[in-house]
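A.B. asks: Got a file for you: model.cif, mmCIF, C-alpha atoms.
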```cif
data_work
loop_
_atom_site.group_PDB
_atom_site.id
_atom_site.type_symbol
_atom_site.label_atom_id
_atom_site.label_comp_id
_atom_site.auth_asym_id
_atom_site.auth_seq_id
_atom_site.Cartn_x
_atom_site.Cartn_y
_atom_site.Cartn_z
ATOM 1 C CA MET S 1 -88.003 -0.508 -93.155
ATOM 2 C CA ASN S 2 -85.867 -2.600 -95.479
ATOM 3 C CA GLY S 3 -83.685 -1.751 -98.492
ATOM 4 C CA ASN S 4 -86.474 -2.596 -100.945
ATOM 5 C CA THR S 5 -88.919 -0.061 -99.534
ATOM 6 C CA ALA S 6 -89.441 2.882 -101.905
ATOM 7 C CA ARG S 7 -88.903 6.333 -100.454
ATOM 8 C CA LYS S 8 -92.141 8.203 -99.955
ATOM 9 C CA ASP S 9 -90.624 11.679 -99.649
ATOM 10 C CA ARG S 10 -89.020 12.440 -103.017
ATOM 11 C CA SER S 11 -88.193 16.042 -102.041
ATOM 12 C CA ALA S 12 -85.241 14.920 -99.904
ATOM 13 C CA PRO S 13 -82.266 13.130 -101.484
ATOM 14 C CA SER S 14 -81.583 9.542 -100.533
ATOM 15 C CA MET S 15 -78.502 8.840 -98.467
ATOM 16 C CA ARG S 16 -76.812 7.390 -101.549
ATOM 17 C CA GLU S 17 -77.537 10.536 -103.567
ATOM 18 C CA ALA S 18 -76.269 12.764 -100.760
ATOM 19 C CA VAL S 19 -73.061 10.735 -100.365
ATOM 20 C CA GLU S 20 -72.445 10.752 -104.128
ATOM 21 C CA ARG S 21 -72.955 14.510 -104.316
ATOM 22 C CA LEU S 22 -70.526 15.080 -101.434
ATOM 23 C CA GLU S 23 -67.987 12.631 -102.853
ATOM 24 C CA ARG S 24 -68.100 14.334 -106.266
ATOM 25 C CA GLU S 25 -67.649 17.772 -104.678
ATOM 26 C CA LEU S 26 -64.678 16.604 -102.580
ATOM 27 C CA ILE S 27 -62.982 15.092 -105.627
ATOM 28 C CA VAL S 28 -63.463 18.244 -107.700
ATOM 29 C CA ARG S 29 -62.122 20.431 -104.883
ATOM 30 C CA ALA S 30 -59.092 18.175 -104.347
ATOM 31 C CA LEU S 31 -58.293 18.202 -108.068
ATOM 32 C CA GLU S 32 -58.637 21.987 -108.220
ATOM 33 C CA ALA S 33 -56.404 22.400 -105.164
ATOM 34 C CA SER S 34 -53.780 20.109 -106.697
ATOM 35 C CA GLY S 35 -53.811 21.801 -110.096
ATOM 36 C CA GLY S 36 -55.367 18.717 -111.686
ATOM 37 C CA ARG S 37 -52.630 16.347 -110.488
ATOM 38 C CA GLN S 38 -54.398 13.080 -109.705
ATOM 39 C CA SER S 39 -51.627 11.703 -107.497
ATOM 40 C CA ASP S 40 -51.736 14.792 -105.278
ATOM 41 C CA ALA S 41 -55.550 14.841 -105.218
ATOM 42 C CA ALA S 42 -55.661 11.152 -104.257
ATOM 43 C CA ARG S 43 -53.193 11.787 -101.439
ATOM 44 C CA ARG S 44 -55.286 14.729 -100.187
ATOM 45 C CA LEU S 45 -58.398 12.521 -100.198
ATOM 46 C CA GLY S 46 -56.672 9.560 -98.561
ATOM 47 C CA VAL S 47 -57.458 7.169 -101.426
ATOM 48 C CA SER S 48 -55.384 5.400 -104.039
ATOM 49 C CA GLU S 49 -54.979 6.860 -107.517
ATOM 50 C CA ARG S 50 -56.886 3.866 -108.845
ATOM 51 C CA VAL S 51 -59.878 4.629 -106.607
ATOM 52 C CA LEU S 52 -59.719 8.289 -107.627
ATOM 53 C CA ARG S 53 -59.709 7.391 -111.344
ATOM 54 C CA TYR S 54 -62.667 5.038 -110.819
ATOM 55 C CA LYS S 55 -64.660 7.745 -109.009
ATOM 56 C CA MET S 56 -63.759 10.347 -111.639
ATOM 57 C CA LYS S 57 -65.110 8.051 -114.328
ATOM 58 C CA LYS S 58 -68.221 7.258 -112.262
ATOM 59 C CA TYR S 59 -69.013 10.947 -111.752
ATOM 60 C CA HIS S 60 -67.905 12.070 -115.225
ATOM 61 C CA ILE S 61 -65.175 14.338 -113.882
ATOM 62 C CA VAL S 62 -62.735 15.410 -116.571
ATOM 63 C CA ARG S 63 -59.233 16.454 -115.658
ATOM 64 C CA SER S 64 -57.846 19.439 -117.491
ATOM 65 C CA THR S 65 -56.201 22.708 -116.507
ATOM 66 C CA LYS S 66 -59.623 23.567 -115.049
ATOM 67 C CA VAL S 67 -61.404 20.566 -113.520
ATOM 68 C CA SER S 68 -64.960 20.142 -114.715
ATOM 69 C CA VAL S 69 -67.882 17.844 -114.138
ATOM 70 C CA VAL S 70 -69.346 16.835 -117.488
ATOM 71 C CA ASP S 71 -72.651 15.468 -116.254
ATOM 72 C CA LYS S 72 -73.940 16.507 -112.826
ATOM 73 C CA SER S 73 -76.999 14.270 -112.923
ATOM 74 C CA VAL S 74 -76.920 11.290 -110.594
#
```
Please express what this file holds, its structure, as structure tokens.

C.D. replies:
Amino acid sequence: MNGNTARKDRSAPSMREAVERLERELIVRALEASGGRQSDAARRLGVSERVLRYKMKKYHIVRSTKVSVVDKSV
């Protein structure tokens, strides 16, 4: 099975989809736990602030007093 083979079972998420969902959830939780402070959230996640900002943009996560995900579709 190579990377170009289409998945036959569409009921289960692909590995990429599962990883993205988990990554998004971890980022949201870290931001909530840090009161929306990106530097603290990045430290909790073990990534740089730049990586965190990139992922937030990728997953449409908006920082405010209450962290929210604008678009959950991936």

A.B. asks: If we count all atoms listed in the file and set the cut-off at 10 Å, which residues sit around Ile27 in chain S, ignoring sequence neighbours fewer than 6 positions away in its own chain? Please answer as an NGL selection string.

C.D. replies: :S and (33 or 38 or 41-42 or 44-45 or 52 or 55-56 or 59 or 61 or 67)

A.B. asks: Scan for residues within 12 Å of the point (-65.2, 21.3, -106.5) in the coordinates of the file, using all atoms listed in the file, and reply as a list in words.

C.D. replies: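 Neighbouring residues, ordered by chain and number, come to Arg21, Leu22, Glu23, Arg24, Glu25, Leu26, Ile27, Val28, Arg29, Ala30, Leu31, Glu32, Ala33, Ser34, Gly35, Gly36, Ala41, Ile61, Val62, Arg63, Lys66, Val67, Ser68, Val69 and Lys72 of chain S.
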
A.B. asks: Which distance in Å separates CA of Arg43 in chain S and CA of Lys57 in chain S, to one decimal?

C.D. replies: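 That distance, rounded to one decimal, is 17.9 Å.
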
A.B. asks: To one decimal place in Å, what is the distance between CA of Lys58 in chain S and CA of Glu17 in chain S?

C.D. replies: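 Calculated distance between CA of Lys58 in chain S and CA of Glu17 in chain S is 13.2 Å.
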